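Okay, structure first, notes after.
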Amino acid sequence: MSKKIVIDPITRIEGHLRVEVELDKENVVKDAFVSGQLFRGIEVILKNRDPRDAGLLAGRICGVCTNSHFRAAVSCVEDAYSLEVPKNAEIIRDLMAMALFIQDHVVHFYHLHSLDFVDVVSALSADPHLTSKEAHNYSKKPFRNSHSHYESVMTKLQTFVDAGKLGPFSNGYWGHSEYKLSPEQNLILISHYLEALKFQTNISKAVAIFGGKTPHPQSIVVGGVTSVADMLNPQRLNDYLFIIKEAKDFIDRAYLPDMKLLSTAYRSEIKEGQGRANGNFICVGGYEFDGLTPLFSAGIIRDHNFSNIEVFDESKITEEVDRAWYDGDDHKVHYTDLNDDGTLKTEKNSDKYSWIKAPRYGGETMETGPVARVLVSYLSENNLINPFVDEFLSDTNLDLKDFSTSIGRNAARAIESSYVCEYIFKLVSNLIQNIKYYDTETWCKFDFEEMPKNTKGRVFLEVPRGILSHFVNIEDQKISNFSVIAPTTWNATPRNFDAKRGAYEEALVGIKVSDPTKPLEVLKVIHSFDPCLACAVHVIDTQGKELSKYRVKAF
Ligand code: NI
C-alpha cells in the first residue's frame, strides 16, 4: 500500500508551500504534488493607478525580491512608452540587480538550504587542526581557516547546546543517516554559515548605495534613476566596489570551495541524478553592455539535449489555470476545498490544488534559474562564463548534466555569484569611463501628457531565481491590467489538463526517502530550487469585479 507524506508548510523558504508525496513499498516517491498556499492580489491594487507608480507598488509583491519587481515594473512601463533609458541609468539598475544576485544566492545556500547537508551537532566532535587541513582540499586559500577560529566556532556551538537552545539550528534532523559530511567538513560549513550572516548585512548595503534603501529601494523611476548624486560621488562608487570585492573574496574562498566539498561528499547523490527535473530549461538572457559579452545568453534546452540550443521566442509562452484555483479566461478566483482529511484534492485530472498558475513554453513545463542560465550560456559559448564552468567541472570531475540535480543547482548559483562579481567590476569601469567623458545623464526627459493614452508593454528579466516577466496594459493613461510570471511560478507550476509535472514535482519523483518520519530528501530537493512563494502566486480579474469569496477549512 502506498504511503503519503505531507509537508505543510515547507520551512526555510519565502512564503507558504505544501508538498505531498506518495511513496511505494520501498519508500520511493511515485508521485508528487506541490501547492502554493499563499494567495496574492497585488495586481488588483495596481489597477487604475498612474503607470508611473507601477514600480513602487509591484515591488511589494515580495519582501525578498523587492528590487526585481520594482525594476521590472518600471521597465515594463518604459516598454509601453518606447522610452530609451540612458546608459548610466541602466548600469546603475544592473549594479543593484547584480548585488541582489549575490545576496540571494549566498543567503539561500547558507541560511535556507545548507542544513539539509550539514549536521550541526556532528561539528562539535571535529578536530580544529584537521578541519584547517581539510579546507585546503577545496581551496588554495580557505576563508578564515585558523584552528583557533574553528575552536571559537565550536565554543559558540557548545554554548547553544549546553543552554538547550539551538536557536537557528533547532528542529533539524540531526543524526539522520543521509548526512554524509565528516565532523571537520560540518565544522567548515558551520563556520561559513556564521560568516554568511555578516556577508548578508554588507551586501545589502551595496543595493542600498544606489537604491536609497533596501529592501524596497526607491531610486528607479520611469525614464531612469534618481541616484545621480551617488553616481557622481567617487566615495559612493568606492564603497560599492569595496563591498563587492569583499563579497568576491568570500564567494571564491568559502562558497565555491564549499560546493566542491559537497560535490565530493555527495557525489553518489549527484551521479544518481537526485533532484533532476525533466531537462527542459529556459533562459531569456540579458545584462548586455557596450563591448561586453552579455552576462547571460538566451535560449531553450529540451530534454537535456545539449547539442541543440533553440532560440527563445516569447510568443510560445502560455499560462493556464486548469488545475489552479482560478476559472475562465479572466482567471477569476475559484478556491475548492481540500479533502476531509486535509490532503489536497489531487486524485482526478480536474482537481484544482494550487494558487500557482501553470506557465508553459510551447506547451512544455520548463525549469528556470541558475542551472538554465549556466547551461544555456555555456553552450552558447559565452566567453565570460565558460572558464568558471570549466574550472568547476575539472576540479570536481563532474559533467554538464550533473548541474541538473539538487546539488548542481547550488553549484550553478556559486559559479554565477563569482562571475557576476567579475562583470560588476567591468560595469563600474564602464560607468566611470562615461562620467569621465561628461556623460552624466541618468534620466530621459519625457512629457507624460504626450505619452500614448492606450498602450501596452512587457519585459523579461533574469533575476536570481530565474525569469521574471511583467505585462502592463494602459488605458486612458491608467493601468487597466497588470500581470506577472515569476521564476517560482515556472518551477512550482501545478499540472494542467496536459498532466505534465512541473520542475518541483518532477524532481521529487524517483527519490528514495530513507525515513518517512524525517523526509530530509524531500526538503533537499525542494530547497534546491530556492522557492519564493510570495512571488509565485498572482491573480488578475480583467473585469475589475469582486474577487469571489472563498473559505478555508480548519483542521
Ligand atoms: Ni520573491
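Residue names in the C-alpha cells use chain letters A, B, ... in the order shown, residue numbers from 1 in each chain, and ligand numbers from 1 in the order shown.
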Env. residues ligand 1 / 12 Å / only C-alpha atoms and all ligand atoms / as a count of residues only: 42
Neighbour list for region 219-228 of chain A as an MDAnalysis selection string, cut-off 8 Å, only C-alpha atoms, skip fewer than 2 positions in-chain: chainID A and resid 52 55 70:71 74:75 77:78 83:86 89:90 92:93 210:212 217 230:232 440 442:446
Counting only C-alpha atoms, what is within 12 Å of Leu400 (chain A), bar same-chain residues fewer than 2 positions away, as a ChimeraX atom specification? /A:270-271,273,279,304-307,371-372,374-376,378-379,386,389-390,392-394,396-398,402-405,408-409,411-412
Can you list, as number ranges by chain, all residues belonging to region 137-384 of chain A that DSSP tags as strand (DSSP E)? A: 220-221, 224-225, 281-286, 296-301, 317-320, 326-327, 332-333, 358-361
Identify which of the residues A:Ser2, A:Thr365, A:Gln218, A:Gln37 lies closest to Gly502 (chain A), counting only C-alpha atoms when measuring atom-to-atom distances.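 Nearest to Gly502 (chain A): A:Thr365.
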Which residues in region 146-330 of chain A does DSSP call alpha helix (DSSP H)? List them as a PyMOL selection string. chain A and resi 147-162+183-211+228-232+234-250+256-265+267-271
Per residue of region 109-153 of chain A within 9 Å of region 184-196 of chain A, which atom pair is closest and at what distance in Å (one decimal), using only C-alpha atoms, listed by chain and increasing number, as a tab-separated table?
residue	atom	partner	partner_atom	distance
A:Phe109	CA	A:Tyr193	CA	8.9
A:Tyr110	CA	A:Tyr193	CA	5.2
A:His111	CA	A:Tyr193	CA	6.7
A:Ser114	CA	A:Leu189	CA	7.9
A:Leu115	CA	A:Ile190	CA	8.9
A:Phe117	CA	A:Asn186	CA	8.6
A:Val118	CA	A:Asn186	CA	5.5
A:Asp119	CA	A:Asn186	CA	6.2
A:Val120	CA	A:Asn186	CA	6.6
A:Val121	CA	A:Asn186	CA	8.7
A:Ser122	CA	A:Asn186	CA	6.8
A:Ala123	CA	A:Leu187	CA	4.7
A:Leu124	CA	A:Leu187	CA	7.6
A:Ser125	CA	A:Glu184	CA	8.0
A:Ala126	CA	A:Glu184	CA	4.8
A:Asp127	CA	A:Glu184	CA	6.4
A:Pro128	CA	A:Glu184	CA	7.3
A:Leu130	CA	A:Glu184	CA	6.8
A:Thr131	CA	A:Glu184	CA	4.7
A:Ser132	CA	A:Ile188	CA	8.2
A:Glu134	CA	A:Glu184	CA	7.2
A:Ala135	CA	A:Ile188	CA	7.1
A:Phe143	CA	A:His192	CA	8.2
A:Arg144	CA	A:Ser191	CA	8.5
A:Asn145	CA	A:Ile188	CA	8.5
A:His149	CA	A:Ser191	CA	8.5
A:Tyr150	CA	A:Ser191	CA	7.1
A:Val153	CA	A:Ser191	CA	6.3
Print the selection's residues with N, CA, C and O atoms to a file, as an mmCIF file, in the first residue's frame.
data_model
loop_
_atom_site.group_PDB
_atom_site.id
_atom_site.type_symbol
_atom_site.label_atom_id
_atom_site.label_comp_id
_atom_site.auth_asym_id
_atom_site.auth_seq_id
_atom_site.Cartn_x
_atom_site.Cartn_y
_atom_site.Cartn_z
ATOM 1 N N PHE A 109 21.873 29.627 0.028
ATOM 2 C CA PHE A 109 22.606 28.399 0.338
ATOM 3 C C PHE A 109 22.840 28.248 1.841
ATOM 4 O O PHE A 109 22.430 27.249 2.439
ATOM 5 N N TYR A 110 23.477 29.242 2.454
ATOM 6 C CA TYR A 110 23.875 29.027 3.853
ATOM 7 C C TYR A 110 22.688 29.001 4.811
ATOM 8 O O TYR A 110 22.600 28.135 5.675
ATOM 9 N N HIS A 111 21.773 29.946 4.654
ATOM 10 C CA HIS A 111 20.763 30.102 5.702
ATOM 11 C C HIS A 111 19.450 29.384 5.424
ATOM 12 O O HIS A 111 18.660 29.155 6.330
ATOM 13 N N SER A 114 21.704 24.992 3.516
ATOM 14 C CA SER A 114 22.902 24.202 3.838
ATOM 15 C C SER A 114 22.634 23.142 4.921
ATOM 16 O O SER A 114 23.266 22.093 4.928
ATOM 17 N N LEU A 115 21.680 23.409 5.818
ATOM 18 C CA LEU A 115 21.462 22.449 6.915
ATOM 19 C C LEU A 115 20.786 21.162 6.443
ATOM 20 O O LEU A 115 20.616 20.226 7.211
ATOM 21 N N PHE A 117 22.385 19.505 4.306
ATOM 22 C CA PHE A 117 23.599 18.728 4.037
ATOM 23 C C PHE A 117 24.525 18.657 5.249
ATOM 24 O O PHE A 117 25.398 17.815 5.322
ATOM 25 N N VAL A 118 24.346 19.621 6.168
ATOM 26 C CA VAL A 118 25.295 19.801 7.260
ATOM 27 C C VAL A 118 24.662 19.386 8.579
ATOM 28 O O VAL A 118 23.604 19.893 8.949
ATOM 29 N N ASP A 119 25.324 18.468 9.276
ATOM 30 C CA ASP A 119 24.833 18.051 10.587
ATOM 31 C C ASP A 119 25.526 18.903 11.655
ATOM 32 O O ASP A 119 26.706 18.707 11.964
ATOM 33 N N VAL A 120 24.770 19.855 12.190
ATOM 34 C CA VAL A 120 25.327 20.834 13.129
ATOM 35 C C VAL A 120 25.937 20.150 14.358
ATOM 36 O O VAL A 120 27.045 20.477 14.786
ATOM 37 N N VAL A 121 25.215 19.179 14.884
ATOM 38 C CA VAL A 121 25.661 18.552 16.126
ATOM 39 C C VAL A 121 26.984 17.800 15.936
ATOM 40 O O VAL A 121 27.855 17.818 16.802
ATOM 41 N N SER A 122 27.137 17.198 14.750
ATOM 42 C CA SER A 122 28.366 16.445 14.465
ATOM 43 C C SER A 122 29.602 17.342 14.493
ATOM 44 O O SER A 122 30.696 16.902 14.846
ATOM 45 N N ALA A 123 29.418 18.626 14.143
ATOM 46 C CA ALA A 123 30.562 19.555 14.107
ATOM 47 C C ALA A 123 31.227 19.691 15.472
ATOM 48 O O ALA A 123 32.406 20.041 15.567
ATOM 49 N N LEU A 124 30.480 19.361 16.543
ATOM 50 C CA LEU A 124 31.025 19.503 17.900
ATOM 51 C C LEU A 124 32.151 18.511 18.178
ATOM 52 O O LEU A 124 32.959 18.722 19.075
ATOM 53 N N SER A 125 32.191 17.433 17.405
ATOM 54 C CA SER A 125 33.256 16.461 17.650
ATOM 55 C C SER A 125 34.411 16.607 16.661
ATOM 56 O O SER A 125 35.238 15.713 16.525
ATOM 57 N N ALA A 126 34.474 17.740 15.976
ATOM 58 C CA ALA A 126 35.554 17.936 14.993
ATOM 59 C C ALA A 126 36.889 18.233 15.678
ATOM 60 O O ALA A 126 36.931 18.704 16.812
ATOM 61 N N ASP A 127 37.969 17.959 14.948
ATOM 62 C CA ASP A 127 39.307 18.341 15.391
ATOM 63 C C ASP A 127 39.681 19.624 14.630
ATOM 64 O O ASP A 127 39.814 19.584 13.407
ATOM 65 N N PRO A 128 39.858 20.745 15.342
ATOM 66 C CA PRO A 128 40.101 22.025 14.653
ATOM 67 C C PRO A 128 41.334 21.988 13.740
ATOM 68 O O PRO A 128 41.336 22.616 12.682
ATOM 69 N N LEU A 130 42.588 19.311 12.124
ATOM 70 C CA LEU A 130 42.243 18.544 10.923
ATOM 71 C C LEU A 130 41.288 19.336 10.027
ATOM 72 O O LEU A 130 41.321 19.222 8.800
ATOM 73 N N THR A 131 40.425 20.157 10.657
ATOM 74 C CA THR A 131 39.469 20.965 9.894
ATOM 75 C C THR A 131 40.214 21.934 8.994
ATOM 76 O O THR A 131 39.912 22.082 7.805
ATOM 77 N N SER A 132 41.206 22.577 9.584
ATOM 78 C CA SER A 132 42.014 23.534 8.847
ATOM 79 C C SER A 132 42.694 22.856 7.656
ATOM 80 O O SER A 132 42.759 23.407 6.554
ATOM 81 N N GLU A 134 41.643 20.037 6.173
ATOM 82 C CA GLU A 134 40.602 19.581 5.245
ATOM 83 C C GLU A 134 40.194 20.708 4.279
ATOM 84 O O GLU A 134 39.984 20.479 3.081
ATOM 85 N N ALA A 135 40.096 21.931 4.798
ATOM 86 C CA ALA A 135 39.659 23.059 3.953
ATOM 87 C C ALA A 135 40.596 23.270 2.766
ATOM 88 O O ALA A 135 40.177 23.744 1.709
ATOM 89 N N PHE A 143 38.870 30.437 3.501
ATOM 90 C CA PHE A 143 38.381 31.599 4.241
ATOM 91 C C PHE A 143 38.426 31.335 5.748
ATOM 92 O O PHE A 143 37.927 30.316 6.215
ATOM 93 N N ARG A 144 39.019 32.255 6.517
ATOM 94 C CA ARG A 144 39.114 32.160 7.995
ATOM 95 C C ARG A 144 39.415 30.720 8.442
ATOM 96 O O ARG A 144 38.565 30.044 9.028
ATOM 97 N N ASN A 145 40.629 30.300 8.179
ATOM 98 C CA ASN A 145 40.926 28.871 8.301
ATOM 99 C C ASN A 145 41.871 28.517 9.446
ATOM 100 O O ASN A 145 42.449 27.442 9.456
ATOM 101 N N HIS A 149 40.233 29.868 15.070
ATOM 102 C CA HIS A 149 38.906 30.317 14.628
ATOM 103 C C HIS A 149 37.893 29.168 14.758
ATOM 104 O O HIS A 149 36.791 29.354 15.277
ATOM 105 N N TYR A 150 38.305 27.986 14.305
ATOM 106 C CA TYR A 150 37.389 26.832 14.392
ATOM 107 C C TYR A 150 37.065 26.498 15.856
ATOM 108 O O TYR A 150 35.944 26.119 16.183
ATOM 109 N N VAL A 153 34.372 28.790 16.952
ATOM 110 C CA VAL A 153 33.065 28.393 16.395
ATOM 111 C C VAL A 153 32.488 27.240 17.222
ATOM 112 O O VAL A 153 31.298 27.229 17.563
#
One decimal, in Å: what's the spacing between CA of Tyr255 (chain A) and CA of Asn410 (chain A)?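 Rounded to one decimal, the two atoms are 9.8 Å apart.
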Rounded to one decimal in Å, what is the spacing between CA of His216 (chain A) and CA of Gly36 (chain A)?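 Computing the Euclidean distance for CA of His216 (chain A) and CA of Gly36 (chain A) yields 23.7 Å.
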